[in-house]
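Enquirer: Submitted below is the structure of interest, expressed as structure tokens.
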Amino acid sequence: MNTLLTLNAGSSSLKFALFEIDGMLAETPALSGQIEGIGINAMLHAKAADGSRYAEPVQGPDDASIEAHHEHALDALLGWLRSHNANMQIVAAGHRIVHGGPAFSAPMRLDADVLQVLSGFIPLAPLHQPHNLRAVHAIARLMPELPQVGCFDTAFHRTQADVAQAFALPRALSAEGIRRYGFHGLSYEFISRQLDDVLGAENAHGAVIVAHLGNGASMCALRDKKSVASTMGFTAVDGLMMGTRPGNIDPGVLLYLMDQKRMDAKALTNLLYKECGLLGVSGISSDMRVLLDADAPEAQEAIELFCYRISRELGSLAAAAGGADAIVFTGGIGEHAAAVRERVIAQAAWLGAKLDGTANLGHATRIEAGDSSVAIAVIPTNEERMIAQHTYDLVLA
């Protein structure tokens, strides 16, 4: 059986999905999961299409570099996949690559020239890009003949007007690539392809505000199913409050921390990516599920701020899109936290948005009340399926 492998490599994790190809690409993966704790105590967790679940340790090399640990983890994954499907033949690999920069507005076959350009974007995404590219190089060493495709989280947003991507900086800095790129593009692209079926053609091609809410959170305004504005900008720390990231913050705060607290770039990076957001405000957890179940006032304050920031950005995005015909929730929180959706829509009453409480608690696909002026939907995202489709289209179609 021919199969297609998708990979999403992080600093200490490797998410994967294996899609079968039988004349056409399967809608759901035959196997999916991740290896966590790479370089420490790596564990493989996976589930099969039939519901079977697996958990196995992955023994890493002793006293090796992080690159060697990642290559070993990938080699172990390939061996594990073969052991569970003796007839499996991987014919292509698709990768989530966070940054395509200004150069790539669509998925690309990965070769030496493309990889060189992508390496140049490492300073734009130093916490993500090196790990994404490491997986590409590891596959090239382990399976040198295998076609590989890069799918960029920034690409979907390249349809935005220049003014929507610009910062008010000196032109020389803008020319170096300092602009608003936007992220979570694979998620938004997948959602955009579901809109006709869920919302109907008229709403789908109108002004749609999509909220991708999870540990990483952002929002995107669509018009005619194309990105016109997004909350994330130059990096994935901008915009909404997130699990451990603050989102939009006055640059003066950072200058103050540098001057008064003597925080350097490394300390600020750790603060902004790991200590803020829901975790920082609550002092309890970055997990929305934990906070919703907590009675502590700090937990409630974190939830309130999270929803308030969404409501503020909703107004901004509605202005950019020229209205709001529909609001769509996706991502782990967006799909599963009815209480968050309720608060956000209550604060969007000025748009004429009204929630059907029963449909919302039941996590229905359409959750607006009958007299709502705005369609409201919950659509599960599937970035792996989007990567697989792009890879199939470029290599096998």
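FYI, nothing fancy with the structure tokens labels: chains A, B, ... in order, residues from 1 per chain, ligands from 1 as they appear.
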Env of A:Glu20: 8 Å cut, atoms = only C-alpha atoms, seq-sep filter 2 positions within chain, self excluded. Answer as a ChimeraX atom specification.

Expert: /A:1-4,18,22,25-26,29-30

Enquirer: Give me the residues within 7 Å of A:His45 as a list in words, counting only C-alpha atoms and dropping any in the same chain fewer than 2 places off.

Expert: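 The contact residues come out as Gly33, Gln34, Ile35, Met43, Tyr54, Ala55 and Glu56 of chain A.
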
Enquirer: With all heavy atoms retained, could you export that selection as a short mmCIF file (atom, residue, chain, number, x, y, z; two decimals), in the first residue's frame?

Expert:
data_model
loop_
_atom_site.label_atom_id
_atom_site.label_comp_id
_atom_site.auth_asym_id
_atom_site.auth_seq_id
_atom_site.Cartn_x
_atom_site.Cartn_y
_atom_site.Cartn_z
N GLY A 33 0.21 10.43 15.45
CA GLY A 33 0.67 10.58 16.83
C GLY A 33 1.88 11.47 16.90
O GLY A 33 2.09 12.34 16.05
N GLN A 34 2.72 11.25 17.91
CA GLN A 34 3.91 12.05 18.06
C GLN A 34 4.93 11.35 18.94
O GLN A 34 4.59 10.49 19.75
CB GLN A 34 3.60 13.43 18.62
CG GLN A 34 3.01 13.44 20.02
CD GLN A 34 2.72 14.85 20.49
OE1 GLN A 34 3.48 15.80 20.22
NE2 GLN A 34 1.62 15.04 21.19
N ILE A 35 6.19 11.72 18.73
CA ILE A 35 7.25 11.34 19.65
C ILE A 35 7.54 12.57 20.49
O ILE A 35 7.87 13.64 19.97
CB ILE A 35 8.51 10.88 18.90
CG1 ILE A 35 8.22 9.62 18.07
CG2 ILE A 35 9.64 10.58 19.88
CD1 ILE A 35 9.40 9.12 17.27
N MET A 43 9.24 9.31 24.07
CA MET A 43 8.13 8.34 24.05
C MET A 43 7.33 8.53 22.78
O MET A 43 7.06 9.66 22.37
CB MET A 43 7.20 8.54 25.25
CG MET A 43 7.73 8.00 26.56
SD MET A 43 7.69 6.18 26.62
CE MET A 43 5.92 5.87 26.53
N TYR A 54 -1.18 3.30 21.06
CA TYR A 54 0.13 2.74 21.33
C TYR A 54 0.96 3.75 22.12
O TYR A 54 0.83 4.97 21.94
CB TYR A 54 0.87 2.42 20.03
CG TYR A 54 0.08 1.54 19.08
CD1 TYR A 54 -0.78 2.13 18.14
CD2 TYR A 54 0.18 0.17 19.12
CE1 TYR A 54 -1.52 1.34 17.26
CE2 TYR A 54 -0.55 -0.63 18.25
CZ TYR A 54 -1.39 -0.03 17.32
OH TYR A 54 -2.11 -0.82 16.45
N ALA A 55 1.81 3.23 23.00
CA ALA A 55 2.76 4.06 23.74
C ALA A 55 4.01 3.24 23.96
O ALA A 55 3.97 2.20 24.62
CB ALA A 55 2.18 4.52 25.07
N GLU A 56 5.12 3.72 23.41
CA GLU A 56 6.37 2.97 23.48
C GLU A 56 7.54 3.93 23.69
O GLU A 56 7.57 5.02 23.12
CB GLU A 56 6.61 2.17 22.19
CG GLU A 56 5.53 1.14 21.88
CD GLU A 56 5.82 0.38 20.60
OE1 GLU A 56 6.96 0.46 20.10
OE2 GLU A 56 4.91 -0.30 20.10
#

Enquirer: So that I can check the secondary structure, give me every residue of stretch 56-291 of chain A assigned alpha helix (DSSP H) by backbone DSSP, as a ChimeraX atom specification.

Expert: /A:66-84,112-119,129-142,162-165,171-175,185-192,195-199,201-204,251-260,265-270,277-282,288-291

Enquirer: Once DSSP has gone over the backbone, tell me which residues of stretch 71-274 of chain A are in strand (DSSP E or B), as a PyMOL selection string.

Expert: chain A and resi 89-97+108-109+148-152+207-212+218-223+226-230

Enquirer: Would you please work out which residue, of A:Val210, A:Gly60, A:Ala68, A:Ala112, is nearest to A:Leu317 when using only C-alpha atoms?

Expert: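 Nearest candidate to A:Leu317 out of A:Val210, A:Gly60, A:Ala68, A:Ala112: A:Val210.
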
Enquirer: What's the 6 Å shell around stretch 90-101 of chain A, counting only C-alpha atoms, without same-chain residues fewer than 4 positions away, as a PyMOL selection string?

Expert: chain A and resi 2-8+132+146-154+387+391

Enquirer: Neighbouring residues of A:Asp62 were defined as those with any atom within 12 Å, considering only C-alpha atoms; residues of the same chain fewer than 5 positions away were excluded. Please report them as a ChimeraX atom specification.

Expert: /A:39-41,68-69,72

Enquirer: Filtering to N, CA and C atoms, could you give me those residues as a PDB file, in the first residue's frame?

Expert:
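The result, stored in again08.pdb:
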ATOM      1  N   GLY A  39      15.546  13.715  23.015  1.00  0.00           N
ATOM      2  CA  GLY A  39      16.746  14.192  23.663  1.00  0.00           C
ATOM      3  C   GLY A  39      16.744  13.992  25.158  1.00  0.00           C
ATOM      4  N   ILE A  40      15.586  13.572  25.723  1.00  0.00           N
ATOM      5  CA  ILE A  40      15.507  13.349  27.184  1.00  0.00           C
ATOM      6  C   ILE A  40      15.053  11.912  27.421  1.00  0.00           C
ATOM      7  N   ASN A  41      13.751  11.735  27.502  1.00  0.00           N
ATOM      8  CA  ASN A  41      13.168  10.395  27.633  1.00  0.00           C
ATOM      9  C   ASN A  41      12.069  10.276  26.584  1.00  0.00           C
ATOM     10  N   ALA A  68      21.382  14.526  16.187  1.00  0.00           N
ATOM     11  CA  ALA A  68      21.442  13.062  16.159  1.00  0.00           C
ATOM     12  C   ALA A  68      20.232  12.454  16.848  1.00  0.00           C
ATOM     13  N   HIS A  69      19.787  13.068  17.936  1.00  0.00           N
ATOM     14  CA  HIS A  69      18.596  12.573  18.636  1.00  0.00           C
ATOM     15  C   HIS A  69      17.369  12.666  17.732  1.00  0.00           C
ATOM     16  N   HIS A  72      17.615  10.062  14.992  1.00  0.00           N
ATOM     17  CA  HIS A  72      17.336   8.738  15.565  1.00  0.00           C
ATOM     18  C   HIS A  72      15.836   8.562  15.801  1.00  0.00           C
TER      19      HIS A  72
END

Enquirer: Using only C-alpha atoms, which of A:Ala64, A:Leu110, A:Ala42, A:Leu291 sits nearest A:Ser12?

Expert: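 Looking only at the distances to A:Ser12, the closest residue turns out to be A:Ala42.
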
Enquirer: For a quick check of understanding, using only C-alpha atoms, which of A:Gly233, A:Leu255, A:Ala211, A:Ser218 has the smallest distance to A:Ile345?

Expert: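 Smallest distance to A:Ile345 is found for A:Ala211.
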
Enquirer: What is the atom CA of A:Glu368-atom CA of A:Glu383 distance in Å, reported with one decimal?

Expert: 25.6 Å

Enquirer: Compare A:Ile379, A:Ala397, A:Met88, A:Leu272 by their minimum atom-to-atom distance to A:Leu31, counting only C-alpha atoms, and give me the closest one.

Expert: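 Comparing A:Ile379, A:Ala397, A:Met88, A:Leu272 against A:Leu31, the winner is A:Met88.
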
Enquirer: Ranking A:Leu396, A:Leu14, A:Ala217, A:Val340 by minimum distance to A:Asp238 and counting only C-alpha atoms, which one comes first?

Expert: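 Under the stated criterion, the closest residue is A:Ala217.
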
Enquirer: Any idea what's packed within 8 Å of stretch 192-203 of chain A, counting only C-alpha atoms, ignoring anything in its chain fewer than 3 positions away? Could you give it as a CSV table (one decimal) with C-alpha atoms, in the first residue's frame?

Expert:
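So result05.csv came out as:
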chain,number,residue,atom,x,y,z
A,188,TYR,CA,-7.1,28.7,8.2
A,189,GLU,CA,-6.7,27.2,4.7
A,206,GLY,CA,-18.5,37.1,2.5
A,207,ALA,CA,-16.7,38.4,5.6
A,208,VAL,CA,-15.7,35.5,7.8
A,225,LYS,CA,-12.2,32.7,1.6
A,226,LYS,CA,-8.9,34.5,1.3
A,325,ASP,CA,-21.2,37.6,8.0
A,326,ALA,CA,-19.9,34.6,10.0
A,365,THR,CA,-21.6,22.7,13.9
A,366,ARG,CA,-23.9,25.7,13.7
A,375,ALA,CA,-23.7,32.8,11.3
A,377,ALA,CA,-20.0,27.8,13.5
A,379,ILE,CA,-15.4,23.5,12.6
